[in-house]
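One structure is given here, and the rest of the page talks about it.
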Amino acid sequence: MSNPLDVLDELSASRPALSADEIDAAAKRIADIIEPTPLQFSARLSVLTGAKVYLKREDFSAVRSYKLRGAYNLIVQLTADEKAAGVVAASAGNHAQGVAFACKAMGISGRIYVPTTTPKQKRDRIRVHGGKFVELIAVGETYDAAAAAAAADVERTGATMVPPFDDVRTAAGQGTIAAEILEQLGTSPDLVVVPVGGGGCLAGIGTYLRDRSPQTGILGVEPAGAASMTAALVAGAPVTLPEIDPFVDGAAVRRIGDVPFAAVSSFGGRVVSHASLPLLTATESPGGAGSFRIMQVDEGAICTAMLDLYQNEGIIAEPAGALAVTGLSEIAAEPGSPVLPGSTVVCLISGGNNDVSRYGEIIERSLVHRGLKHYFLVDFPQEPGALRRFLNEVLGPEDDITLFEYVKRNNRETGAALVGIELGAPDGLAPLLERIARTPIQCEQLEPGSPAYRYLT
């Protein structure tokens with residue numbers, strides 16, 4: 001039996017190349033059902049970067065993400081026979097909602113495969129958008145496992161696959177964001193910042209800008225724990241990452257698509273090193289007109305951006321939805337930044353489907369990233385007053401214990417406790433470690449990246 005993924009690759013390879021004309025045609029197809037999303041000026045980010053920053057609010061769409069654009073553009077082009085056979089999709093959540101919405105709008109049956117790690121909020125919204133027309137199936141722990149199950153379904157049933165990124169029709173629909181940006185601004189932006197998962201959105205937006213606004217720079221931002229686009233650009237072809245961090249579920253993809261890679265790699269460029277961040281640029285001069293770069297951001301930094309967006313702008317962004325703002329915030333202060341003073345920058349808020357039950361983890365990751373949260377194993381003497389001495393001798397006036405787990409062992413002189421300490425400021429760590437060194441109580445700091453630390457965070 002042939003590999004179902006190979007069959008889909010062959011079908012994808014037969015599609016016409018992605019182009020600005022295809023994207024303009026897609027914009028006409030989706031116009032009746034998808035309204036343009038707002039382009040909002042951000043005073044805070046403008047002050048932070050020195051540029052005029054606008055946010056493209058795809059979280060305002062009917063499914064609270066840009067994924068409806070590509071899903072609808074593909075499904076609406078199916079033949080009558082293909083529509084009768086139904087559609088199949090794999091998704092981490094947002095694409096699934098777009099497919100579900102399109103299925104219900106056109107009365108087409110669909111089966112949608114999602115990873116078991118997909119947040120409940122997204123699963124519930126998929127069911128709401130699809131109603132009786134959609135069957136939701138959870139399988140595997142990653143998008144790639146769900147994609148393999150969906151591909152097998154297509155080969156078995158003859159239904160049509162609706163890829164979340166690896167199809168010209170999907171990428172063209174997602175590229176309509178760029179057409180809207182140019183129309184709404186009334187001029188060409190100097191830089192557009194795009195989140196990167198499977199690469200369809202970057203391919204569509206980049207293709208359109210390269211043709212219709214070639215002077216516009218493009219910055220792609222992907223999570224450090226799933227940097228599949230960077231890996232592909234370095235290798236010269238899509239590669240499968242051995243493991244990924246699934247936290248940024250909307251962009252946690254082990255392997256980018258062939259269609260997106262063909263488009264993105266055609267933007268031109270070379271891999272260079274820039275202040276410890278791998279970047280791809282099309283010019284010798286960083287920040288030159290029309291430059292293209294790709295960068296990664298830490299998941300903790302993404303969490304900080306999510307919290308900043310919520311607390312300052314009232315924007316509920318999911319992790320993938322905050323990628324672009326995270327990248328802009330981090331690169332704006334770097335030497336040779338493409339964010340020039342007074343320039344016009346557009347950041348894509350790609351999705352707002354965040355489960356409120358995740359905010360505990362989001363706050364935790366943000367505190368760790370900012371250097372405010374630290375964990376220690378403390379070997380307390382099993383005698384009265386040991387904890388009080390620790391509090392008096394080790395903690396600073398602005399420090400707080402946020403976690404304390406202690407198991408007393410009666411047959412031992414000491415007992416270990418896991419202690420989480422939140423500092424008043426990041427520069428409080430060095431004084432804390434000095435006080436720990438002076439105390440007779442034995443303390444061991446848990447290092448970020450260790451198995452114990454990953455378990456905690």
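Note on naming: chains are A, B, ... as they come in the structure tokens, residues start from 1 per chain, ligands start from 1 in the order shown.
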Item checked: Every residue of range 58-306 of chain A that DSSP places in strand (DSSP E or B), as a ChimeraX atom specification -> /A:65,87-90,110-114,134-138,160-161,191-195,217-223,270-274,277-281,292-297
Please produce a file of those selected residues containing C-alpha atoms, as a CSV table (one decimal), in the first residue's frame.
```csv
chain,number,residue,atom,x,y,z
A,65,SER,CA,-8.0,33.4,13.7
A,87,VAL,CA,-13.5,16.9,3.4
A,88,VAL,CA,-10.9,15.9,6.0
A,89,ALA,CA,-8.6,18.1,7.9
A,90,ALA,CA,-5.9,18.0,10.5
A,110,GLY,CA,-16.1,17.0,7.3
A,111,ARG,CA,-14.0,14.9,9.6
A,112,ILE,CA,-11.4,16.9,11.6
A,113,TYR,CA,-8.4,15.3,13.3
A,114,VAL,CA,-6.8,17.2,16.2
A,134,VAL,CA,-18.4,18.0,11.4
A,135,GLU,CA,-17.0,15.0,13.3
A,136,LEU,CA,-14.1,15.8,15.6
A,137,ILE,CA,-11.5,13.1,16.2
A,138,ALA,CA,-8.6,13.5,18.7
A,160,THR,CA,-10.7,15.8,0.0
A,161,MET,CA,-7.9,16.9,2.3
A,191,LEU,CA,8.0,46.0,7.7
A,192,VAL,CA,5.4,43.2,8.2
A,193,VAL,CA,5.9,40.8,11.1
A,194,VAL,CA,4.3,37.4,10.6
A,195,PRO,CA,4.1,34.3,12.9
A,217,GLY,CA,10.6,44.0,4.7
A,218,ILE,CA,9.3,40.8,6.1
A,219,LEU,CA,10.1,39.3,9.5
A,220,GLY,CA,9.0,35.8,10.2
A,221,VAL,CA,8.8,34.7,13.9
A,222,GLU,CA,8.6,31.1,15.1
A,223,PRO,CA,8.7,29.6,18.5
A,270,ARG,CA,21.3,33.7,3.1
A,271,VAL,CA,21.6,32.5,6.7
A,272,VAL,CA,23.5,35.0,8.9
A,273,SER,CA,24.2,35.3,12.6
A,274,HIS,CA,22.7,38.4,14.4
A,277,LEU,CA,19.3,35.0,16.9
A,278,PRO,CA,19.4,33.0,13.6
A,279,LEU,CA,18.2,35.4,10.9
A,280,LEU,CA,17.7,35.1,7.2
A,281,THR,CA,18.2,38.4,5.2
A,292,PHE,CA,13.5,39.0,4.7
A,293,ARG,CA,14.4,37.5,8.0
A,294,ILE,CA,13.4,34.6,10.2
A,295,MET,CA,13.9,34.5,14.0
A,296,GLN,CA,12.9,32.4,16.9
A,297,VAL,CA,11.5,33.6,20.3
```
Next item on the list: Just the residues within 12 Å of range 417-432 of chain A, please, counting only C-alpha atoms, with nothing from its chain fewer than 3 positions along; format it as a ChimeraX atom specification.
Entry: /A:363-364,366-382,386-387,390-409,414,435-439,441-446,452-453,456-457
If you count only C-alpha atoms, which residues fall within 10 Å of Glu180 in chain A, apart from same-chain ones fewer than 6 positions away, as an mmCIF file with all heavy atoms, in the first residue's frame?
```
data_model
loop_
_atom_site.group_PDB
_atom_site.id
_atom_site.type_symbol
_atom_site.label_atom_id
_atom_site.label_comp_id
_atom_site.auth_asym_id
_atom_site.auth_seq_id
_atom_site.Cartn_x
_atom_site.Cartn_y
_atom_site.Cartn_z
ATOM 1 N N ALA A 27 -9.113 36.572 -2.644
ATOM 2 C CA ALA A 27 -9.783 37.667 -1.949
ATOM 3 C C ALA A 27 -11.214 37.864 -2.468
ATOM 4 O O ALA A 27 -12.138 38.151 -1.691
ATOM 5 C CB ALA A 27 -8.982 38.955 -2.109
ATOM 6 N N PRO A 36 -13.135 42.051 6.153
ATOM 7 C CA PRO A 36 -11.774 42.492 6.501
ATOM 8 C C PRO A 36 -11.635 42.692 8.005
ATOM 9 O O PRO A 36 -12.559 43.180 8.658
ATOM 10 C CB PRO A 36 -11.625 43.813 5.733
ATOM 11 C CG PRO A 36 -12.604 43.709 4.604
ATOM 12 C CD PRO A 36 -13.767 42.928 5.149
ATOM 13 N N THR A 37 -10.501 42.307 8.542
ATOM 14 C CA THR A 37 -10.253 42.482 9.972
ATOM 15 C C THR A 37 -9.603 43.842 10.225
ATOM 16 O O THR A 37 -8.949 44.402 9.339
ATOM 17 C CB THR A 37 -9.352 41.364 10.502
ATOM 18 O OG1 THR A 37 -8.149 41.314 9.717
ATOM 19 C CG2 THR A 37 -10.053 40.021 10.432
ATOM 20 N N PRO A 38 -9.764 44.407 11.423
ATOM 21 C CA PRO A 38 -9.250 45.757 11.688
ATOM 22 C C PRO A 38 -7.726 45.837 11.638
ATOM 23 O O PRO A 38 -7.018 44.859 11.916
ATOM 24 C CB PRO A 38 -9.751 46.047 13.110
ATOM 25 C CG PRO A 38 -10.851 45.082 13.358
ATOM 26 C CD PRO A 38 -10.520 43.867 12.558
ATOM 27 N N LEU A 39 -7.236 47.000 11.295
ATOM 28 C CA LEU A 39 -5.808 47.334 11.385
ATOM 29 C C LEU A 39 -5.718 48.473 12.398
ATOM 30 O O LEU A 39 -6.115 49.595 12.123
ATOM 31 C CB LEU A 39 -5.264 47.768 10.030
ATOM 32 C CG LEU A 39 -3.747 47.989 9.953
ATOM 33 C CD1 LEU A 39 -3.006 46.673 10.127
ATOM 34 C CD2 LEU A 39 -3.362 48.630 8.627
ATOM 35 N N LYS A 56 -2.609 43.934 12.990
ATOM 36 C CA LYS A 56 -3.626 43.350 12.112
ATOM 37 C C LYS A 56 -4.379 42.302 12.930
ATOM 38 O O LYS A 56 -3.857 41.240 13.244
ATOM 39 C CB LYS A 56 -2.952 42.723 10.880
ATOM 40 C CG LYS A 56 -3.930 42.105 9.877
ATOM 41 C CD LYS A 56 -4.924 43.110 9.318
ATOM 42 C CE LYS A 56 -5.710 42.488 8.152
ATOM 43 N NZ LYS A 56 -6.893 43.298 7.808
ATOM 44 N N GLY A 186 -3.199 52.202 2.771
ATOM 45 C CA GLY A 186 -3.167 53.145 1.660
ATOM 46 C C GLY A 186 -1.764 53.419 1.164
ATOM 47 O O GLY A 186 -1.553 54.259 0.292
#
```
Item checked: Nearby residues (only C-alpha atoms) at most 10 Å from Val339 in chain A, same-chain spacing under 2 positions excluded, as a ChimeraX atom specification -> /A:49-53,190-191,217,219,286-287,328-329,331-334,336-337,341-345
